[in-house]
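*Asks:* coords18.cif is reproduced in full below (mmCIF, C-alpha atoms).
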```cif
data_input
loop_
_atom_site.label_atom_id
_atom_site.label_comp_id
_atom_site.auth_asym_id
_atom_site.auth_seq_id
_atom_site.Cartn_x
_atom_site.Cartn_y
_atom_site.Cartn_z
CA MET U 257 -176.33 152.76 22.49
CA LYS U 258 -177.38 149.17 21.95
CA THR U 259 -174.04 147.62 22.87
CA VAL U 260 -173.74 149.87 25.90
CA ARG U 261 -177.17 148.80 27.19
CA ILE U 262 -176.34 145.14 26.69
CA TRP U 263 -173.21 145.64 28.72
CA VAL U 264 -174.97 147.42 31.52
CA PHE U 265 -177.35 144.47 31.61
CA PHE U 266 -174.50 141.97 31.84
CA ILE U 267 -172.68 143.87 34.54
CA SER U 268 -175.85 144.27 36.62
CA LEU U 269 -176.48 140.54 36.21
CA LEU U 270 -173.10 139.84 37.76
CA GLY U 271 -173.73 142.25 40.60
CA GLY U 272 -176.99 140.50 41.41
CA LEU U 273 -175.34 137.12 41.26
CA HIS U 274 -172.67 138.16 43.70
CA TRP U 275 -175.11 139.72 46.11
CA GLY U 276 -177.23 136.54 46.03
CA LEU U 277 -174.25 134.40 46.91
CA GLY U 278 -173.23 136.66 49.73
CA GLN U 279 -176.68 136.39 51.26
CA GLN U 280 -176.51 132.62 51.25
CA GLU U 281 -173.26 132.50 53.09
CA GLU U 282 -174.25 134.93 55.77
CA VAL U 283 -176.92 132.48 56.92
CA LEU U 284 -174.19 130.09 58.02
CA PRO U 285 -173.44 130.69 61.70
CA SER U 286 -169.88 131.47 62.64
CA ILE U 287 -168.96 128.66 64.98
CA VAL U 288 -165.72 129.78 66.43
CA ALA U 289 -164.65 133.32 66.99
CA ASP U 290 -160.97 132.83 66.39
CA SER U 291 -158.92 135.37 68.28
CA LEU U 292 -155.77 134.55 66.37
CA GLU U 293 -156.58 134.92 62.70
CA VAL U 294 -154.41 132.65 60.64
CA LYS U 295 -153.57 134.24 57.34
CA GLU U 296 -153.92 131.65 54.63
CA LYS U 297 -151.16 131.20 52.14
CA ILE U 298 -151.95 132.48 48.68
CA PRO U 299 -150.72 130.11 45.98
CA LEU U 300 -148.82 131.97 43.30
CA THR U 301 -149.86 130.73 39.90
CA LEU U 302 -149.09 131.66 36.37
CA ARG U 303 -151.91 130.75 34.05
CA PHE U 304 -151.44 130.81 30.29
CA GLY U 305 -153.26 129.65 27.22
CA ALA U 306 -154.98 130.74 24.04
CA ASP U 307 -158.28 132.03 22.74
CA LEU U 308 -160.14 129.18 21.05
CA SER U 309 -162.64 131.38 19.20
CA ARG U 310 -159.91 133.06 17.14
CA ILE U 311 -158.33 129.70 16.30
CA ILE U 312 -161.69 128.33 15.15
CA ARG U 313 -162.52 131.47 13.19
CA SER U 314 -159.14 131.34 11.44
CA GLN U 315 -159.88 127.76 10.37
CA THR U 316 -163.42 128.39 9.16
CA SER U 317 -163.16 131.82 7.58
CA ASP U 318 -161.11 132.89 4.57
CA ASP U 319 -161.31 136.51 5.65
CA PHE U 320 -159.90 136.10 9.14
CA ASN U 321 -156.56 134.94 10.40
CA GLY U 322 -155.81 135.61 14.04
CA PHE U 323 -154.37 134.30 17.26
CA GLU U 324 -154.53 135.51 20.83
CA ALA U 325 -152.33 134.29 23.67
CA VAL U 326 -153.57 134.99 27.20
CA ALA U 327 -151.86 134.89 30.57
CA ASP U 328 -152.54 135.93 34.12
CA LEU U 329 -150.57 135.95 37.32
CA ARG U 330 -152.16 135.64 40.75
CA VAL U 331 -150.83 138.43 42.91
CA GLY U 332 -153.41 138.38 45.71
CA GLU U 333 -156.26 136.27 46.96
CA LYS U 334 -158.60 137.89 44.47
CA PHE U 335 -156.29 139.90 42.24
CA PHE U 336 -154.72 138.81 38.99
CA LEU U 337 -152.42 140.66 36.65
CA ALA U 338 -153.71 139.89 33.18
CA LEU U 339 -152.28 140.08 29.70
CA GLU U 340 -153.41 139.35 26.16
CA LEU U 341 -151.18 139.38 23.11
CA GLY U 342 -152.64 138.92 19.66
CA ASN U 343 -152.22 139.14 15.94
CA VAL U 344 -154.93 139.65 13.31
CA GLU U 345 -155.25 139.80 9.56
CA THR U 346 -158.79 140.31 8.34
CA THR U 347 -160.51 141.45 5.17
CA GLN U 348 -163.89 143.08 5.53
CA GLN U 349 -166.59 144.68 3.44
CA VAL U 350 -168.14 147.43 5.53
CA GLU U 351 -170.85 149.20 3.56
CA GLN U 352 -169.06 151.01 0.71
CA VAL U 353 -165.47 150.07 1.50
CA ASN U 354 -163.50 146.82 1.36
CA PHE U 355 -160.24 146.74 3.30
CA THR U 356 -157.65 144.46 4.89
CA THR U 357 -156.44 145.23 8.39
CA GLU U 358 -153.27 143.61 9.68
CA GLY U 359 -151.55 144.11 12.99
CA THR U 360 -150.69 143.12 16.53
CA TYR U 361 -152.03 144.20 19.90
CA LEU U 362 -151.11 143.98 23.55
CA LYS U 363 -153.51 144.32 26.48
CA VAL U 364 -152.34 144.58 30.09
CA GLY U 365 -154.38 145.08 33.24
CA PHE U 366 -155.97 143.23 36.11
CA ASP U 367 -158.88 140.96 36.99
CA TYR U 368 -160.67 140.92 40.33
CA ASN U 369 -162.40 137.68 41.31
CA MET U 370 -165.80 138.29 42.90
CA TYR U 371 -166.70 134.66 43.25
CA GLU U 372 -166.57 133.13 46.75
CA ASN U 373 -165.27 129.63 46.20
CA TRP U 374 -166.02 126.68 48.41
CA GLU U 375 -163.06 124.88 49.89
CA GLY U 376 -161.04 123.18 47.16
CA MET U 377 -162.73 124.92 44.25
CA ASP U 378 -161.22 127.59 42.09
CA ASN U 379 -163.77 129.18 39.79
CA HIS U 380 -163.85 132.81 38.79
CA VAL U 381 -166.37 135.52 38.12
CA THR U 382 -164.18 138.46 37.40
CA VAL U 383 -164.35 142.12 36.57
CA GLY U 384 -161.26 143.80 35.24
CA LEU U 385 -159.68 146.59 33.33
CA ARG U 386 -157.15 146.62 30.50
CA PHE U 387 -155.05 149.19 28.80
CA ALA U 388 -154.52 148.14 25.21
CA SER U 389 -152.44 149.24 22.28
CA SER U 390 -152.26 148.16 18.66
CA SER U 391 -149.78 148.56 15.86
CA HIS U 392 -151.37 147.95 12.49
CA SER U 393 -151.83 148.79 8.83
CA GLN U 394 -154.89 149.28 6.63
CA PHE U 395 -155.05 148.30 2.98
CA LEU U 396 -158.00 149.73 1.05
CA ASN U 397 -158.93 147.09 -1.54
CA ASN U 398 -161.88 148.82 -3.18
CA TYR U 399 -164.61 151.38 -2.57
CA THR U 400 -167.53 153.06 -4.26
CA VAL U 401 -168.01 156.74 -4.98
CA LEU U 402 -171.18 158.33 -3.64
CA ASP U 403 -173.46 158.98 -6.62
CA ARG U 404 -177.20 159.28 -6.03
CA THR U 405 -178.13 160.73 -9.41
CA ARG U 406 -176.39 158.02 -11.48
CA PHE U 407 -176.18 160.27 -14.52
CA TRP U 408 -173.39 158.24 -16.13
CA PRO U 409 -173.68 154.45 -16.35
CA SER U 410 -171.49 152.11 -14.24
CA SER U 411 -170.83 154.76 -11.60
CA ASP U 412 -171.66 152.14 -8.97
CA ILE U 413 -168.78 149.86 -9.99
CA PRO U 414 -166.22 149.88 -7.15
CA ILE U 415 -162.84 151.53 -7.70
CA SER U 416 -160.28 148.76 -7.16
CA THR U 417 -157.02 150.17 -8.53
CA GLY U 418 -155.34 153.53 -8.21
CA TYR U 419 -156.96 156.63 -6.71
CA ALA U 420 -157.57 156.13 -2.97
CA THR U 421 -156.83 152.39 -2.92
CA GLY U 422 -153.64 151.01 -1.38
CA GLU U 423 -151.80 150.55 1.87
CA ARG U 424 -151.66 152.87 4.90
CA PRO U 425 -148.80 151.56 7.07
CA ASP U 426 -147.56 152.55 10.55
CA LEU U 427 -150.89 153.10 12.28
CA ASN U 428 -151.64 152.63 15.96
CA ALA U 429 -154.43 152.89 18.53
CA GLN U 430 -154.80 152.95 22.31
CA TRP U 431 -157.88 152.09 24.31
CA PHE U 432 -159.34 150.91 27.60
CA GLU U 433 -161.34 147.74 28.09
CA VAL U 434 -163.83 146.92 30.81
CA VAL U 435 -163.81 143.14 31.13
CA VAL U 436 -166.28 140.78 32.73
CA GLY U 437 -165.40 137.13 32.68
CA PHE U 438 -165.97 133.62 33.91
CA LYS U 439 -163.43 130.87 34.40
CA VAL U 440 -164.31 127.29 35.21
CA GLN U 441 -161.82 124.81 36.59
CA LEU U 442 -162.24 121.79 34.34
CA LEU U 443 -159.35 119.71 35.69
CA LYS U 444 -156.85 120.44 38.42
CA ASN U 445 -154.79 122.85 36.32
CA ILE U 446 -157.00 123.38 33.29
CA TYR U 447 -159.46 126.25 33.04
CA MET U 448 -161.98 127.28 30.44
CA GLY U 449 -162.96 130.91 30.34
CA LEU U 450 -165.14 133.42 28.60
CA SER U 451 -164.70 137.13 28.77
CA LEU U 452 -166.76 139.96 27.35
CA ARG U 453 -165.23 143.35 26.76
CA LEU U 454 -166.47 146.85 26.22
CA ASN U 455 -163.78 148.97 24.60
CA ARG U 456 -163.43 152.73 24.77
CA LEU U 457 -161.00 154.24 22.27
CA LEU U 458 -158.61 156.86 23.64
CA ASN U 459 -156.58 157.68 20.59
CA ASP U 460 -155.89 156.34 17.13
CA LYS U 461 -153.61 157.42 14.33
CA LEU U 462 -155.92 157.73 11.36
CA PRO U 463 -154.91 156.42 7.94
CA GLU U 464 -154.61 159.08 5.27
CA ASN U 465 -157.89 159.63 3.41
CA PHE U 466 -159.49 156.65 5.20
CA ASP U 467 -160.47 155.52 8.70
CA ASN U 468 -159.57 152.81 11.21
CA ILE U 469 -162.91 151.08 10.74
CA TYR U 470 -161.46 147.93 12.27
CA ILE U 471 -158.58 147.94 14.76
CA PRO U 472 -156.79 144.71 15.78
CA GLY U 473 -157.90 143.77 19.30
CA PHE U 474 -160.41 146.59 19.48
CA ASN U 475 -162.57 145.27 16.64
CA LYS U 476 -165.02 147.43 14.73
CA LYS U 477 -165.41 151.04 15.77
CA THR U 478 -169.05 151.74 16.58
CA GLU U 479 -171.15 154.29 18.47
CA ASP U 480 -169.71 157.67 17.47
CA ASN U 481 -166.47 155.91 16.48
CA ILE U 482 -165.17 155.49 20.04
CA PHE U 483 -166.72 152.24 21.32
CA GLY U 484 -166.01 148.66 20.44
CA ALA U 485 -166.80 145.25 21.85
CA GLY U 486 -164.99 141.96 21.97
CA PHE U 487 -164.79 138.60 23.59
CA ASN U 488 -162.56 135.61 23.98
CA TYR U 489 -163.12 131.99 24.84
CA THR U 490 -159.98 130.65 26.42
CA LEU U 491 -158.41 127.39 27.44
CA THR U 492 -155.64 127.93 29.98
CA TYR U 493 -153.15 125.92 31.96
CA SER U 494 -152.28 126.96 35.50
CA LEU U 495 -148.70 126.57 36.66
CA PRO U 496 -148.18 126.87 40.43
CA PHE U 497 -144.75 128.08 41.49
CA GLY U 498 -144.89 128.82 45.17
CA SER U 499 -146.93 130.85 47.56
CA LYS U 500 -146.85 134.05 49.49
CA LYS U 501 -148.31 135.07 52.81
CA MET V 89 -173.76 128.06 42.10
CA ASN V 90 -172.34 124.77 40.88
CA LYS V 91 -170.46 123.88 37.74
CA PRO V 92 -173.34 123.06 35.34
CA TYR V 93 -174.97 126.39 36.18
CA PHE V 94 -171.66 128.06 35.55
CA LYS V 95 -171.32 126.42 32.17
CA LYS V 96 -174.77 127.57 31.11
CA PHE V 97 -173.52 131.08 31.53
CA LEU V 98 -170.62 130.40 29.21
CA TYR V 99 -172.99 129.10 26.53
CA LEU V 100 -175.29 132.06 27.01
CA GLY V 101 -172.40 134.45 26.51
CA ALA V 102 -171.30 132.65 23.36
CA LEU V 103 -174.86 132.73 21.95
CA PHE V 104 -175.16 136.43 22.65
CA PHE V 105 -172.16 137.10 20.46
CA LEU V 106 -173.30 134.79 17.69
CA PHE V 107 -176.68 136.44 17.27
CA SER V 108 -175.90 140.03 18.10
CA CYS V 109 -176.33 142.19 15.04
CA GLU V 110 -175.01 145.59 14.28
CA ARG V 111 -176.93 148.74 13.58
CA ASP V 112 -177.16 149.44 9.88
CA ASP V 113 -174.99 152.30 8.80
CA ILE V 114 -176.95 154.52 6.46
CA CYS V 115 -175.56 157.28 4.31
CA ILE V 116 -177.78 160.20 5.28
CA GLU V 117 -179.28 162.44 2.60
CA THR V 118 -177.60 165.62 3.80
CA ILE V 119 -174.17 164.28 2.79
CA THR V 120 -173.32 165.99 -0.51
CA GLU V 121 -172.16 163.82 -3.36
CA SER V 122 -169.46 164.50 -5.93
CA PRO V 123 -169.66 168.06 -7.30
CA ASP V 124 -170.76 168.93 -10.84
CA LEU V 125 -168.80 170.88 -13.39
CA VAL V 126 -170.44 174.31 -13.85
CA LEU V 127 -170.25 175.81 -17.33
CA LEU V 128 -170.98 179.39 -18.36
CA MET V 129 -171.89 180.36 -21.92
CA LEU V 130 -169.97 183.59 -22.56
CA ASP V 131 -170.08 186.19 -25.30
CA LYS V 132 -166.93 185.78 -27.45
CA ASP V 133 -166.68 189.54 -27.92
CA ASN V 134 -167.12 190.33 -24.24
CA THR V 135 -165.96 187.47 -22.03
CA GLU V 136 -167.36 189.15 -18.91
CA GLN V 137 -170.87 188.79 -20.29
CA THR V 138 -172.97 185.60 -20.31
CA ARG V 139 -175.07 184.93 -23.41
CA THR V 140 -177.63 182.20 -23.96
CA PRO V 141 -177.23 180.65 -27.44
CA ALA V 142 -180.35 180.44 -29.64
CA GLY V 143 -182.16 177.09 -29.64
CA PHE V 144 -179.46 175.68 -27.36
CA SER V 145 -179.38 172.19 -25.91
CA ILE V 146 -176.80 169.67 -24.75
CA ARG V 147 -176.67 165.93 -25.26
CA ALA V 148 -174.29 163.82 -23.19
CA LEU V 149 -172.70 160.98 -25.16
CA GLY V 150 -172.69 157.59 -23.49
CA THR V 151 -175.77 157.92 -21.31
CA GLU V 152 -179.51 157.73 -21.80
CA LYS V 153 -180.11 160.32 -19.10
CA VAL V 154 -180.91 163.94 -19.87
CA LEU V 155 -179.50 166.82 -17.89
CA ALA V 156 -181.53 167.78 -14.86
CA THR V 157 -181.24 171.48 -15.62
CA GLN V 158 -182.22 172.91 -19.00
CA PRO V 159 -179.11 174.58 -20.45
CA SER V 160 -179.33 178.35 -20.54
CA ASP V 161 -176.34 180.63 -20.00
CA SER V 162 -175.08 178.40 -17.16
CA PHE V 163 -175.60 174.76 -16.23
CA ALA V 164 -174.11 171.92 -14.19
CA LEU V 165 -172.64 168.73 -15.68
CA PRO V 166 -172.03 165.56 -13.67
CA LEU V 167 -168.58 164.10 -14.42
CA LYS V 168 -167.78 160.43 -15.07
CA ILE V 169 -165.78 158.47 -12.54
CA GLN V 170 -165.01 155.52 -14.81
CA GLU V 171 -163.12 157.73 -17.27
CA ASN V 172 -161.22 161.01 -17.09
CA PHE V 173 -163.30 162.76 -19.72
CA ILE V 174 -166.87 163.37 -20.81
CA GLN V 175 -168.11 163.96 -24.33
CA LEU V 176 -170.98 166.29 -25.10
CA GLU V 177 -172.85 167.58 -28.11
CA PHE V 178 -173.50 171.31 -27.94
CA ILE V 179 -176.46 171.93 -30.24
CA LEU V 180 -177.21 175.39 -31.63
CA ASN V 181 -180.53 176.22 -33.29
CA GLN V 182 -181.87 172.77 -32.48
CA GLY V 183 -184.45 171.45 -34.92
CA SER V 184 -184.07 174.32 -37.38
CA GLU V 185 -182.41 174.33 -40.83
CA ASN V 186 -179.18 175.90 -39.66
CA GLU V 187 -178.70 173.46 -36.77
CA ASN V 188 -175.01 173.30 -35.77
CA ILE V 189 -173.65 170.58 -33.52
CA ASP V 190 -170.21 170.89 -31.90
CA THR V 191 -168.89 167.79 -30.14
CA LEU V 192 -166.66 168.61 -27.18
CA GLN V 193 -164.55 166.50 -24.89
CA ILE V 194 -163.81 167.81 -21.40
CA ASN V 195 -160.68 166.40 -19.72
CA TYR V 196 -160.01 166.32 -16.00
CA GLN V 197 -158.22 164.41 -13.23
CA ARG V 198 -160.10 162.82 -10.37
CA PHE V 199 -159.31 162.66 -6.64
CA ASP V 200 -161.41 160.61 -4.25
CA LYS V 201 -161.87 161.81 -0.69
CA PHE V 202 -163.13 159.62 2.16
CA ILE V 203 -166.52 160.52 3.66
CA ASN V 204 -167.35 157.51 5.86
CA ALA V 205 -167.93 153.77 5.50
CA ALA V 206 -171.65 154.20 4.79
CA CYS V 207 -171.25 156.84 2.06
CA GLY V 208 -167.90 155.75 0.67
CA TYR V 209 -165.86 158.34 -1.18
CA ARG V 210 -166.57 161.64 -2.89
CA SER V 211 -164.79 162.63 -6.08
CA ASN V 212 -163.19 166.01 -6.61
CA TYR V 213 -161.72 167.03 -9.95
CA ILE V 214 -159.04 169.23 -11.45
CA LEU V 215 -159.38 170.40 -15.03
CA GLU V 216 -156.50 169.47 -17.31
CA SER V 217 -154.44 172.39 -18.60
CA GLN V 218 -156.06 171.71 -21.99
CA PRO V 219 -159.58 171.03 -20.67
CA ILE V 220 -161.55 171.13 -23.94
CA LEU V 221 -161.06 169.26 -27.20
CA ILE V 222 -163.33 169.93 -30.18
CA LEU V 223 -163.91 166.50 -31.78
CA ASN V 224 -165.43 167.84 -35.01
CA PRO V 225 -163.15 170.68 -36.13
CA GLY V 226 -164.50 172.76 -39.02
CA ASP V 227 -167.52 174.97 -38.98
CA ASN V 228 -167.69 175.47 -35.19
CA TRP V 229 -169.99 177.88 -33.46
CA ILE V 230 -167.96 177.49 -30.26
CA LYS V 231 -164.98 179.80 -30.62
CA GLY V 232 -162.99 179.03 -27.48
CA PHE V 233 -163.01 178.59 -23.76
CA THR V 234 -161.64 180.11 -20.59
CA ILE V 235 -160.84 178.43 -17.26
CA LEU V 236 -162.59 180.26 -14.43
CA LYS V 237 -161.61 177.85 -11.66
CA ASP V 238 -159.68 174.65 -12.28
CA THR V 239 -160.58 172.75 -9.09
CA ILE V 240 -164.04 171.27 -8.72
CA THR V 241 -164.88 170.60 -5.06
CA GLU V 242 -168.08 170.26 -3.08
CA ASN V 243 -169.71 173.08 -1.07
CA GLU V 244 -168.95 175.79 -3.54
CA ASN V 245 -171.09 177.71 -5.96
CA ARG V 246 -168.79 178.88 -8.71
CA ALA V 247 -168.49 178.35 -12.44
CA HIS V 248 -165.42 176.43 -13.58
CA LEU V 249 -165.33 176.76 -17.33
CA GLY V 250 -166.50 179.49 -19.73
CA ILE V 251 -167.51 178.56 -23.28
CA LEU V 252 -167.06 181.39 -25.78
CA HIS V 253 -169.46 181.68 -28.68
#
```
Can you turn what I pasted into structure tokens?

*Replies:*
Amino acid sequence: MKTVRIWVFFISLLGGLHWGLGQQEEVLPSIVADSLEVKEKIPLTLRFGADLSRIIRSQTSDDFNGFEAVADLRVGEKFFLALELGNVETTQQVEQVNFTTEGTYLKVGFDYNMYENWEGMDNHVTVGLRFASSSHSQFLNNYTVLDRTRFWPSSDIPISTGYATGERPDLNAQWFEVVVGFKVQLLKNIYMGLSLRLNRLLNDKLPENFDNIYIPGFNKKTEDNIFGAGFNYTLTYSLPFGSKK
Amino acid sequence: MNKPYFKKFLYLGALFFLFSCERDDICIETITESPDLVLLMLDKDNTEQTRTPAGFSIRALGTEKVLATQPSDSFALPLKIQENFIQLEFILNQGSENENIDTLQINYQRFDKFINAACGYRSNYILESQPILILNPGDNWIKGFTILKDTITENENRAHLGILH
């Protein structure tokens, strides 16, 4: 429940923020009641870049090697089609098991910008949704056998060859992500962004005699094995290529 | 909301992820561990009948621990996971003049089944087709054995091996 509560807090924070901004702007008097509403042109932009946190983590950690490319396409004044494509190889000790997960993932969906920009600014406070899918494998490196009585000595030494150890290939998972994010325009075409994600697993192909404890892109399964959380910290370049009315 | 304010939010979000910790996964007590091998001491003349040997005790070789249950006509033996056999001394008339010790080796194969990350795995066993070796052949009080059930799994209450004497 803890992660869920934290997320509810974050989402409510955003709601409050937006409401506060709206209030401020309503104070401004509307000077001219324009009878002929001119529809502004929406610049079409393709924004692409990479997650910095995964690059840094790959450099600093021996147990993690990953990369995530991100892209979004502006399709409306406030709507963006969004995409993330990533690859992960990570070795983890989770309680009694030590395993290596390797695989790729793809996330597609949309972002909705709630932030009312002043003229000439282009910052984002977004909420969005993703459908995501992974293709991965699990390799069980070692594990311990449950033994509370410890009648025989050395029963706590992990099993690292034979028995249940080894690779489980051809696994996959599908899930939804609720995304809240910020993007700040640093330079004209350069943006820095942070997004937080709450993941809800829909389906996963379980490895034989093991579990998908970690799924690429979804991260660790928690809370009754269906929830996960993630984030990225992106640097993106925006490429304008026209406009539409 | 201007840019510096905006950036503070980015830092805040990054901090939240750095210091967030996960709930400890604990293996709860109700999860059963690897099953024990259950032995029955049977009458060699009537293998349907259990019989408690006189002055009977068992010593496991390779451990300082003593069996939790005092051997009578049936008892449970934990199996090793580091090796595919256990060795035991079956002692008849312990402490008396005609004490007779038979040393037995019990052979089995092990299979580990996943429980969850917190508990790890649970071992199940299958007795080898020749499950018992007598390591001190000669004047043995143990005359033979019979396999009652060759698979040893959790959540069952059956004897696996009968020892004839």

*Asks:* So, counting only C-alpha atoms, which residue among U:Thr490, U:Ser317, U:Ser389, U:Thr360 is closest to chain V?

*Replies:*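 Among the listed residues, U:Thr490 lies closest to chain V.
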
*Asks:* Distance limit 8 Å, atoms considered: only C-alpha atoms. Which chain U residues sit that close to chain V? Return them as a ChimeraX atom specification.

*Replies:* /U:277,350-353,399-404,407-411,419-420,438,440,449-450,452,465-467,469

*Asks:* Name the residues that the PyMOL selection byres ((chain V and resi 125-142) around 9) pulls out of this structure, and write them as JSON, numbers by chain.

*Replies:* {"V": [123, 124, 143, 144, 145, 159, 160, 161, 162, 163, 164, 165, 166, 167, 180, 181, 182, 213, 230, 231, 232, 233, 234, 240, 245, 246, 247, 248, 249, 250, 251, 252, 253]}

*Asks:* To one decimal in Å, tell me the separation between CA of Gly359 (chain U) and CA of Phe395 (chain U).

*Replies:*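 Distance reported for this atom pair: 11.4 Å.
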
*Asks:* Evaluating the PyMOL selection byres ((chain U and resi 397) around 10) on the displayed file yields which residues, as a PyMOL selection string?

*Replies:* chain U and resi 347-349+353-356+394-396+398-399+414-418+420-423

*Asks:* Go ahead and compute the interatomic distance for CA of Val435 (chain U) and CA of Ser391 (chain U), in Å to one decimal.

*Replies:*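 Those two atoms sit 21.4 Å apart.
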
*Asks:* Once the PyMOL selection byres ((chain V and resi 190) around 8) has been applied to the shown file, what residues remain in the selection, as a ChimeraX atom specification?

*Replies:* /V:177-179,188-189,191-192,222-224,228-230

*Asks:* Could you jot down the CA of Val326 (chain U) to CA of Gly498 (chain U) separation for me, Å, one decimal place?

*Replies:*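 So the answer is 20.9 Å.
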